[in-house]
Every structure is written in structure tokens, then in C-alpha cells.
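A.B. asks: The following file, model_37.csv, comprises CSV, C-alpha atoms and all ligand atoms:
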```csv
chain,number,residue,atom,x,y,z
A,1,MET,CA,0.0,0.0,0.0
A,2,LYS,CA,1.1,3.6,-0.7
A,3,THR,CA,2.4,5.9,2.0
A,4,LEU,CA,0.6,9.2,2.1
A,5,ALA,CA,1.8,12.3,3.9
A,6,ILE,CA,-0.7,14.9,4.8
A,7,LEU,CA,1.0,18.3,5.4
A,8,GLY,CA,-1.1,20.1,7.9
A,9,GLY,CA,-2.9,16.9,8.7
A,10,THR,CA,-3.1,18.2,12.3
A,11,GLY,CA,-5.9,20.4,11.1
A,12,LYS,CA,-9.6,20.0,10.4
A,13,GLU,CA,-9.7,18.8,6.7
A,14,GLY,CA,-6.6,16.7,6.8
A,15,ALA,CA,-7.5,14.7,9.9
A,16,GLY,CA,-10.7,13.3,8.4
A,17,LEU,CA,-8.9,12.2,5.2
A,18,ALA,CA,-6.1,10.8,7.2
A,19,MET,CA,-8.3,8.5,9.3
A,20,ARG,CA,-10.4,7.4,6.3
A,21,TRP,CA,-7.3,6.4,4.3
A,22,ALA,CA,-5.7,4.8,7.3
A,23,LEU,CA,-8.8,2.6,7.8
A,24,LYS,CA,-8.4,1.5,4.1
A,25,GLY,CA,-4.9,0.2,4.7
A,26,TYR,CA,-2.8,3.2,3.5
A,27,GLN,CA,0.3,4.1,5.6
A,28,VAL,CA,-0.6,7.7,6.6
A,29,VAL,CA,1.9,10.2,8.0
A,30,ILE,CA,0.6,13.3,9.6
A,31,GLY,CA,2.8,16.4,8.8
A,32,SER,CA,3.1,19.5,10.8
A,33,ARG,CA,5.4,22.5,11.2
A,34,GLU,CA,6.3,20.8,14.6
A,35,ALA,CA,7.1,17.1,14.8
A,36,SER,CA,5.8,16.9,18.3
A,37,LYS,CA,2.4,18.3,17.3
A,38,ALA,CA,2.2,15.8,14.5
A,39,GLU,CA,3.1,12.9,16.8
A,40,THR,CA,0.5,14.0,19.3
A,41,ARG,CA,-2.3,14.4,16.7
A,42,ALA,CA,-1.4,11.0,15.2
A,43,ALA,CA,-1.6,9.4,18.7
A,44,GLU,CA,-5.0,11.0,19.2
A,45,MET,CA,-6.3,9.7,15.9
A,46,ASN,CA,-4.9,6.2,16.7
A,47,ALA,CA,-6.8,6.3,20.0
A,48,GLU,CA,-10.0,7.3,18.2
A,49,LEU,CA,-9.5,4.5,15.7
A,50,ALA,CA,-8.5,2.0,18.4
A,51,GLY,CA,-5.4,0.9,16.5
A,52,ASP,CA,-1.8,1.8,15.6
A,53,TYR,CA,-2.5,3.3,12.2
A,54,LEU,CA,-0.9,6.7,11.9
A,55,THR,CA,2.5,8.3,12.5
A,56,GLY,CA,3.5,12.0,12.9
A,57,MET,CA,6.5,13.9,11.6
A,58,ALA,CA,7.6,17.4,10.6
A,59,ASN,CA,6.3,18.3,7.2
A,60,ALA,CA,9.6,17.8,5.3
A,61,ALA,CA,10.2,14.4,6.8
A,62,ALA,CA,6.6,13.4,6.1
A,63,ALA,CA,6.9,14.4,2.5
A,64,ALA,CA,10.2,12.5,2.2
A,65,ALA,CA,8.7,9.3,3.6
A,66,ALA,CA,5.7,9.4,1.3
A,67,ASP,CA,4.8,8.1,-2.1
A,68,MET,CA,2.1,10.8,-2.5
A,69,VAL,CA,1.8,14.1,-0.6
A,70,ILE,CA,-1.4,16.0,0.3
A,71,LEU,CA,-1.3,19.7,1.1
A,72,SER,CA,-3.9,20.6,3.7
A,73,VAL,CA,-3.0,24.1,5.0
A,74,PRO,CA,-4.7,27.5,4.7
A,75,TYR,CA,-4.0,29.4,1.6
A,76,SER,CA,-2.0,31.9,3.6
A,77,ALA,CA,0.4,29.1,4.5
A,78,GLN,CA,0.5,27.4,1.1
A,79,GLN,CA,3.6,29.1,-0.4
A,80,ALA,CA,5.8,28.7,2.7
A,81,THR,CA,4.8,25.1,3.3
A,82,LEU,CA,5.5,24.1,-0.3
A,83,ALA,CA,8.8,25.8,-0.3
A,84,SER,CA,9.8,23.9,2.8
A,85,VAL,CA,9.1,20.5,1.2
A,86,ARG,CA,9.9,21.1,-2.4
A,87,GLU,CA,13.0,18.9,-2.6
A,88,ASN,CA,11.2,16.0,-0.8
A,89,CYS,CA,8.3,16.0,-3.3
A,90,ARG,CA,10.4,15.5,-6.4
A,91,GLY,CA,9.1,12.7,-8.6
A,92,LYS,CA,5.8,12.5,-6.6
A,93,ILE,CA,2.2,13.5,-6.9
A,94,LEU,CA,1.1,16.4,-4.7
A,95,ILE,CA,-2.6,16.7,-4.1
A,96,ASP,CA,-3.5,20.4,-3.4
A,97,LEU,CA,-6.8,21.0,-1.7
A,98,THR,CA,-6.1,24.6,-0.9
A,99,VAL,CA,-8.9,27.0,-1.3
A,100,PRO,CA,-7.7,30.6,-1.8
A,101,LEU,CA,-10.0,32.2,0.7
A,102,ARG,CA,-9.3,35.7,1.8
A,103,PRO,CA,-10.6,36.0,5.4
A,104,PRO,CA,-12.8,37.5,6.6
A,105,GLU,CA,-14.6,37.4,3.3
A,106,ILE,CA,-14.7,33.6,3.1
A,107,MET,CA,-18.1,33.5,1.4
A,108,ALA,CA,-16.8,35.4,-1.7
A,109,VAL,CA,-14.8,34.0,-4.5
A,110,ASN,CA,-11.1,35.2,-4.4
A,111,LEU,CA,-9.1,34.6,-7.6
A,112,PRO,CA,-5.4,34.3,-6.8
A,113,ALA,CA,-2.7,36.1,-8.8
A,114,GLY,CA,-1.5,32.8,-10.3
A,115,GLY,CA,-5.0,31.9,-11.7
A,116,ALA,CA,-5.6,29.1,-9.2
A,117,ALA,CA,-4.0,28.0,-5.9
A,118,ALA,CA,-3.2,24.7,-7.6
A,119,LEU,CA,-1.4,26.4,-10.5
A,120,GLU,CA,0.5,28.5,-8.0
A,121,ALA,CA,1.5,25.2,-6.2
A,122,GLN,CA,2.7,23.8,-9.5
A,123,GLU,CA,4.7,26.9,-10.2
A,124,ILE,CA,6.4,26.8,-6.7
A,125,LEU,CA,7.2,23.0,-7.0
A,126,GLY,CA,8.3,23.0,-10.6
A,127,PRO,CA,8.0,20.3,-13.2
A,128,ASP,CA,9.5,17.5,-11.1
A,129,VAL,CA,6.3,17.4,-9.1
A,130,THR,CA,2.9,16.5,-10.5
A,131,VAL,CA,0.2,18.7,-8.8
A,132,VAL,CA,-3.3,17.4,-8.8
A,133,ALA,CA,-6.2,19.5,-7.5
A,134,ALA,CA,-9.0,17.7,-5.6
A,135,PHE,CA,-11.1,17.7,-2.4
A,136,GLN,CA,-11.6,21.5,-2.2
A,137,ASN,CA,-15.4,21.1,-1.9
A,138,VAL,CA,-15.4,18.4,0.7
A,139,SER,CA,-16.5,19.5,4.2
A,140,ALA,CA,-14.3,18.6,7.1
A,141,VAL,CA,-17.4,18.0,9.2
A,142,LYS,CA,-18.6,15.3,6.8
A,143,LEU,CA,-15.1,13.7,6.5
A,144,ARG,CA,-15.0,13.2,10.3
A,145,GLN,CA,-18.2,11.1,10.1
A,146,LEU,CA,-16.1,8.0,9.6
A,147,ASP,CA,-18.9,5.5,9.7
A,148,ARG,CA,-20.5,6.7,6.4
A,149,ASP,CA,-19.5,7.7,2.9
A,150,VAL,CA,-19.5,11.5,2.2
A,151,ASP,CA,-22.5,12.6,0.1
A,152,CYS,CA,-20.6,14.6,-2.5
A,153,ASP,CA,-18.5,14.3,-5.6
A,154,VAL,CA,-14.9,15.3,-5.9
A,155,LEU,CA,-13.6,17.2,-8.9
A,156,VAL,CA,-10.2,16.0,-9.9
A,157,CYS,CA,-8.2,18.5,-12.0
A,158,ALA,CA,-4.9,17.2,-13.5
A,159,ASP,CA,-2.7,17.5,-16.5
A,160,SER,CA,-1.5,13.9,-16.2
A,161,GLU,CA,-4.1,11.1,-16.7
A,162,ALA,CA,-2.0,8.7,-14.7
A,163,ALA,CA,-1.9,11.1,-11.8
A,164,ARG,CA,-5.6,11.7,-12.1
A,165,ALA,CA,-6.2,8.0,-11.9
A,166,ALA,CA,-4.0,7.6,-8.8
A,167,VAL,CA,-5.8,10.5,-7.0
A,168,SER,CA,-9.2,9.2,-8.1
A,169,ASP,CA,-8.4,5.9,-6.3
A,170,LEU,CA,-7.8,7.9,-3.2
A,171,VAL,CA,-11.1,9.7,-3.6
A,172,THR,CA,-12.9,6.4,-3.8
A,173,ALA,CA,-11.0,5.0,-0.8
A,174,ALA,CA,-12.1,8.0,1.2
A,175,GLY,CA,-15.8,7.3,0.4
A,176,MET,CA,-16.6,9.7,-2.4
A,177,ARG,CA,-17.0,9.6,-6.2
A,178,ALA,CA,-14.2,11.1,-8.3
A,179,ILE,CA,-15.1,13.2,-11.3
A,180,ASP,CA,-12.7,13.9,-14.2
A,181,ALA,CA,-12.8,17.7,-14.2
A,182,GLY,CA,-10.2,18.3,-16.8
A,183,PRO,CA,-6.8,20.0,-16.7
A,184,LEU,CA,-5.1,21.5,-13.6
A,185,LYS,CA,-6.1,25.0,-14.7
A,186,ASN,CA,-9.8,24.1,-14.2
A,187,ALA,CA,-9.0,24.0,-10.5
A,188,VAL,CA,-9.9,27.7,-10.5
A,189,ALA,CA,-13.6,26.6,-10.8
A,190,ALA,CA,-13.4,23.9,-8.1
A,191,GLU,CA,-11.6,26.3,-5.7
A,192,SER,CA,-14.2,29.0,-6.4
A,193,LEU,CA,-17.1,26.7,-5.5
A,194,THR,CA,-16.0,26.4,-1.9
A,195,PRO,CA,-16.9,30.0,-0.9
A,196,ILE,CA,-20.3,29.4,-2.5
A,197,LEU,CA,-20.8,26.3,-0.4
A,198,LEU,CA,-19.8,28.3,2.7
A,199,HIS,CA,-22.4,30.8,1.8
A,200,ILE,CA,-25.0,28.0,1.2
A,201,ASN,CA,-24.2,26.6,4.6
A,202,ARG,CA,-25.1,29.9,6.2
A,203,ALA,CA,-28.1,30.7,4.0
A,204,TYR,CA,-29.7,27.3,4.6
A,205,LYS,CA,-28.4,26.8,8.2
A,206,VAL,CA,-26.6,23.5,7.4
A,207,LYS,CA,-23.1,22.2,7.9
A,208,GLY,CA,-21.1,20.6,5.1
A,209,ALA,CA,-23.0,21.4,1.9
A,210,GLY,CA,-21.4,19.6,-1.1
A,211,ILE,CA,-21.6,19.2,-4.8
A,212,ARG,CA,-23.1,16.4,-7.0
A,213,ILE,CA,-22.6,16.1,-10.8
A,214,THR,CA,-25.8,14.8,-12.5
A,215,GLY,CA,-26.3,13.2,-15.8
A,216,LEU,CA,-23.5,10.6,-15.6
A,217,ASP,CA,-25.7,7.5,-15.3
A,218,ALA,CA,-26.4,7.1,-19.0
A,301,LIG,N1,-12.2,22.8,6.8
A,301,LIG,C1,-12.9,22.5,5.7
A,301,LIG,O1,-14.1,22.1,5.8
A,301,LIG,C2,-12.3,22.5,4.3
A,301,LIG,C3,-13.1,22.1,3.2
A,301,LIG,C4,-12.5,22.1,2.0
A,301,LIG,C5,-11.2,22.6,1.8
A,301,LIG,N2,-10.5,23.1,2.9
A,301,LIG,C6,-9.2,23.6,2.6
A,301,LIG,O2,-8.3,22.7,3.2
A,301,LIG,C7,-7.1,23.4,3.7
A,301,LIG,C8,-7.0,23.1,5.2
A,301,LIG,O3,-8.1,23.5,5.9
A,301,LIG,P1,-8.3,23.2,7.4
A,301,LIG,O4,-9.7,23.6,7.7
A,301,LIG,O5,-7.8,21.9,7.8
A,301,LIG,O6,-7.3,24.3,8.0
A,301,LIG,P2,-6.7,24.5,9.5
A,301,LIG,O7,-7.3,23.4,10.4
A,301,LIG,O8,-6.9,25.9,9.9
A,301,LIG,O9,-5.2,24.3,9.3
A,301,LIG,C9,-4.6,23.1,8.9
A,301,LIG,C10,-3.2,23.0,9.3
A,301,LIG,O10,-2.4,24.0,8.6
A,301,LIG,C11,-1.3,24.4,9.4
A,301,LIG,N3,-1.2,25.9,9.5
A,301,LIG,C12,-2.2,26.7,9.9
A,301,LIG,N4,-1.8,28.0,9.8
A,301,LIG,C13,-0.6,27.9,9.3
A,301,LIG,C14,0.4,28.9,9.0
A,301,LIG,N5,0.1,30.2,9.2
A,301,LIG,N6,1.6,28.5,8.4
A,301,LIG,C15,1.8,27.2,8.2
A,301,LIG,N7,1.0,26.2,8.5
A,301,LIG,C16,-0.2,26.6,9.1
A,301,LIG,C17,-1.5,23.9,10.8
A,301,LIG,O11,-0.7,22.8,11.0
A,301,LIG,P3,0.6,22.8,12.0
A,301,LIG,O12,0.4,23.9,13.0
A,301,LIG,O13,0.5,21.4,12.6
A,301,LIG,O14,1.8,23.0,11.1
A,301,LIG,C18,-3.0,23.4,10.8
A,301,LIG,O15,-3.2,22.4,11.6
A,301,LIG,C19,-7.4,24.9,3.5
A,301,LIG,O16,-6.7,25.3,2.3
A,301,LIG,C20,-8.9,24.9,3.3
A,301,LIG,O17,-9.3,26.0,2.5
A,301,LIG,C21,-11.0,23.0,4.1
```
Let me see the structure of the file written as C-alpha cells.

C.D. replies:
Amino acid sequence: MKTLAILGGTGKEGAGLAMRWALKGYQVVIGSREASKAETRAAEMNAELAGDYLTGMANAAAAAAADMVILSVPYSAQQATLASVRENCRGKILIDLTVPLRPPEIMAVNLPAGGAAALEAQEILGPDVTVVAAFQNVSAVKLRQLDRDVDCDVLVCADSEAARAAVSDLVTAAGMRAIDAGPLKNAVAAESLTPILLHINRAYKVKGAGIRITGLDA
């Protein structure tokens, strides 16, 4: 089974994905700016799962140990986090689920200077890393409900079909349906849906609104 490193896996979104993948047999490493924080969070997740599933390391060591890397930090931390792990991601797929929100206006679309957060990630990491954009529209609240699938689809934007296939397998393993959403530059649309979902959460007084693509069951 592949080893997955979740940079910022100490936080809300990464933790749910980490535990879901761990329960499916992946080796999951929680990454953090502080190794001790990652170790503590991994131990907490192991206690919740009643098993010895996850380990914790500093982000760079986690990326080095992994076959695939998942970036799960706020947009404001994206650039610095990627710069700190760039060398350890060479030759690997990096899944970017960053949403370029601009607090406090988190219910309004914010288009980053580089066109999309995922394109900015690719620019920072360079051609030796294959960036795939996915999971930006998946609620952390729903991910933490480990006993059920998440009622949403996941748009997978990639310039490599092999990388899209590998990431789609992870989407399925985490209990969701993967949708081929075209090239990496289409991530601007996926990233822009999240502030709309946050608005919908407030407007309809719900937690964890998500997206579904219809018309695929021909
Ligand atoms: N929460 C959701 O429902 C949701 C849904 C879809 C997409 N997303 C996206 O997923 C990403 C992670 O979201 P989240 O809710 O998990 O975020 P979070 O809990 O606020 O932060 C995740 C981790 O990022 C690291 N971090 C936070 N601030 C940082 C900083 N200034 N510099 C470096 N690292 C920092 C922290 O890890 P360490 O302190 O351990 O280093 C933290 O545990 C975001 O881009 C978000 O837009 C979130």
C-alpha cells in the first residue's frame, strides 16, 4: 500500500482524510510544522481508531517518507509550506486541496494572482512534481463522520491522466465519487465553488453542503 503524507494533517480537513485512508490500509503520515504536534495528533487519531494506524512527523520528513503528498493548510500558508518540502516532493504527486480564501470574506470568490491555488502550487514546486487539485469542496465535518460515505462528488483536475487515476483511487478510498474535471487550470472553478458552499451553509443553516454532478448515469 502507498504511504501518504498529509501536510497540515493536524488540522480539520486533513484529519478526516487521514483517518479514512488509514482505515483503508494506507500508511498515513501526519505532517506539521512541529514534529511533536504531528506525533500528538497521530496518537489522538490512533486512539480514536483504536489501533496503531498513523504516525506523525515534521512536514519535510513526512513528504520524504511518502509516495504521495497531500497539502492541507490554509492558503496563507501554502507558499511557505510548499517551499519547505519542495525537494522532498520531487518525482511525486502532490494533491492540493487549498482554497484561496481571503478572510474575513470567506463566502466570496477570491481569484489568486496565479490563476488558481493549484497552479501556484505547480509553479512553486516545478515540473518535477505533479500537482493534482482535488477535495476543495469536501466538508471537514462530513469527513469526520467515519462511519459513512460522504454525500458529494470530488472534482479531480490534473494535466496527467496517470496522476488523475491515482488520485481518483484515493477519492474512492475516502468514500466519495471522483469526477474527471479536466486540466489543472480548471482548479480555479473547483476552488471557487467552496466560498459558494460556505455561503450556502449559512443561508440554509446547514453544515457541510457539497456538490453532485448529475447526468452521468447514462
Ligand atoms: N475545513 C474544511 O471544511 C475545508 C473544506 C475544503 C477545503 N478546505 C481547505 O483545506 C485546507 C486546510 O483546511 P483546514 O480547515 O484543515 O485548516 P486548518 O485546520 O486551519 O489548518 C490546517 C493546518 O495548517 C497548518 N497551518 C495553519 N496555519 C498555518 C500557517 N500560518 N503557516 C503554516 N501552517 C499553518 C496547521 O498545521 P501545523 O500547525 O501542525 O503546522 C494546521 O493544523 C485549506 O486550504 C482549506 O481552504 C477546508

A.B. asks: Check which residues fall inside 8 Å of ligand LIG 301 (chain A) when counting all atoms listed in the file, and print them as a short mmCIF file (atom, residue, chain, number, x, y, z; two decimals) with C-alpha atoms, in the frame of the given file.

C.D. replies:
```cif
data_model
loop_
_atom_site.label_atom_id
_atom_site.label_comp_id
_atom_site.auth_asym_id
_atom_site.auth_seq_id
_atom_site.Cartn_x
_atom_site.Cartn_y
_atom_site.Cartn_z
CA LEU A 7 1.00 18.30 5.40
CA GLY A 8 -1.10 20.10 7.90
CA GLY A 9 -2.90 16.90 8.70
CA THR A 10 -3.10 18.20 12.30
CA GLY A 11 -5.90 20.40 11.10
CA LYS A 12 -9.60 20.00 10.40
CA GLU A 13 -9.70 18.80 6.70
CA GLY A 14 -6.60 16.70 6.80
CA ALA A 15 -7.50 14.70 9.90
CA GLY A 31 2.80 16.40 8.80
CA SER A 32 3.10 19.50 10.80
CA ARG A 33 5.40 22.50 11.20
CA GLU A 34 6.30 20.80 14.60
CA LYS A 37 2.40 18.30 17.30
CA ALA A 38 2.20 15.80 14.50
CA ASN A 59 6.30 18.30 7.20
CA LEU A 71 -1.30 19.70 1.10
CA SER A 72 -3.90 20.60 3.70
CA VAL A 73 -3.00 24.10 5.00
CA PRO A 74 -4.70 27.50 4.70
CA TYR A 75 -4.00 29.40 1.60
CA SER A 76 -2.00 31.90 3.60
CA ALA A 77 0.40 29.10 4.50
CA GLN A 78 0.50 27.40 1.10
CA ALA A 80 5.80 28.70 2.70
CA THR A 81 4.80 25.10 3.30
CA LEU A 97 -6.80 21.00 -1.70
CA THR A 98 -6.10 24.60 -0.90
CA VAL A 99 -8.90 27.00 -1.30
CA PRO A 100 -7.70 30.60 -1.80
CA LEU A 101 -10.00 32.20 0.70
CA PHE A 135 -11.10 17.70 -2.40
CA GLN A 136 -11.60 21.50 -2.20
CA ASN A 137 -15.40 21.10 -1.90
CA VAL A 138 -15.40 18.40 0.70
CA SER A 139 -16.50 19.50 4.20
CA ALA A 140 -14.30 18.60 7.10
CA VAL A 141 -17.40 18.00 9.20
CA THR A 194 -16.00 26.40 -1.90
CA GLY A 208 -21.10 20.60 5.10
#
```

A.B. asks: Just the residues within 7 Å of region 21-28 of chain A, please, counting only C-alpha atoms, with nothing from its chain fewer than 3 positions along; format it as a ChimeraX atom specification.

C.D. replies: /A:1-5,17-18,53-55,173-174

A.B. asks: For region 43-115 of chain A versus region 124-128 of chain A, which residues have an atom no more than 10 Å away, and what is each residue's nearest atom pair and distance in Å rounded to one decimal, using all atoms listed in the file, chain-then-number order, as CSV?

C.D. replies:
```
residue,atom,partner,partner_atom,distance
A:Gln78,CA,A:Ile124,CA,9.8
A:Gln79,CA,A:Ile124,CA,7.3
A:Ala80,CA,A:Ile124,CA,9.6
A:Leu82,CA,A:Leu125,CA,7.0
A:Ala83,CA,A:Ile124,CA,6.9
A:Val85,CA,A:Leu125,CA,8.8
A:Arg86,CA,A:Leu125,CA,5.7
A:Glu87,CA,A:Leu125,CA,8.4
A:Cys89,CA,A:Leu125,CA,8.0
A:Arg90,CA,A:Asp128,CA,5.2
A:Gly91,CA,A:Asp128,CA,5.4
A:Lys92,CA,A:Asp128,CA,7.7
A:Ile93,CA,A:Asp128,CA,9.3
A:Leu94,CA,A:Leu125,CA,9.3
```

A.B. asks: For Arg177 (chain A), which residue among A:Ile196, A:Leu216, A:Gln145, A:Lys207 is the nearest when counting all atoms listed in the file?

C.D. replies: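 Closest residue, counting all atoms listed in the file: A:Leu216.
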
A.B. asks: Calculated over all atoms listed in the file, which of the candidates A:Ser160, A:Thr214, A:Asn110, A:Asn46 has the smallest distance to Gly182 (chain A)?

C.D. replies: A:Ser160

A.B. asks: Separation of CA of Arg20 (chain A) and CA of Ile211 (chain A), in Å?

C.D. replies: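 Distance between the two atoms: 19.7 Å.
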
A.B. asks: Give me, please, the distance in Å between CA of Gly51 (chain A) and CA of Ala134 (chain A), quoted to one decimal.

C.D. replies: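 Separation of CA of Gly51 (chain A) and CA of Ala134 (chain A): 28.0 Å.
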
A.B. asks: Do you have the CA of Ala118 (chain A)-CA of Asp96 (chain A) distance handy?

C.D. replies: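 Here the two named atoms are 6.0 Å from each other.
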
A.B. asks: Select, from A:Leu155, A:Ala63, A:Ile95, A:Ala50, the residue with the minimum atom-to-atom distance to Ile30 (chain A), counting only C-alpha atoms.

C.D. replies: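 Ranking A:Leu155, A:Ala63, A:Ile95, A:Ala50 by distance to Ile30 (chain A), first place goes to A:Ala63.
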
A.B. asks: My list of candidates is A:Gly175, A:Val29, A:Leu146, A:Ala209. Which is closest to Leu193 (chain A) when distances are computed with all atoms listed in the file?

C.D. replies: A:Ala209

A.B. asks: May I ask which of the residues A:Ala166, A:Val131, A:Cys152, A:Ala65 is the closest one to Lys185 (chain A), counting all atoms listed in the file?

C.D. replies: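 Smallest separation from Lys185 (chain A) among the options: A:Val131.
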
A.B. asks: From the set A:Met176, A:Ala133, A:Cys157, A:Ile106, which residue has the shortest atom-to-atom contact distance to Arg202 (chain A), counting only C-alpha atoms?

C.D. replies: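 The shortest atom-to-atom distance to Arg202 (chain A) comes from A:Ile106.
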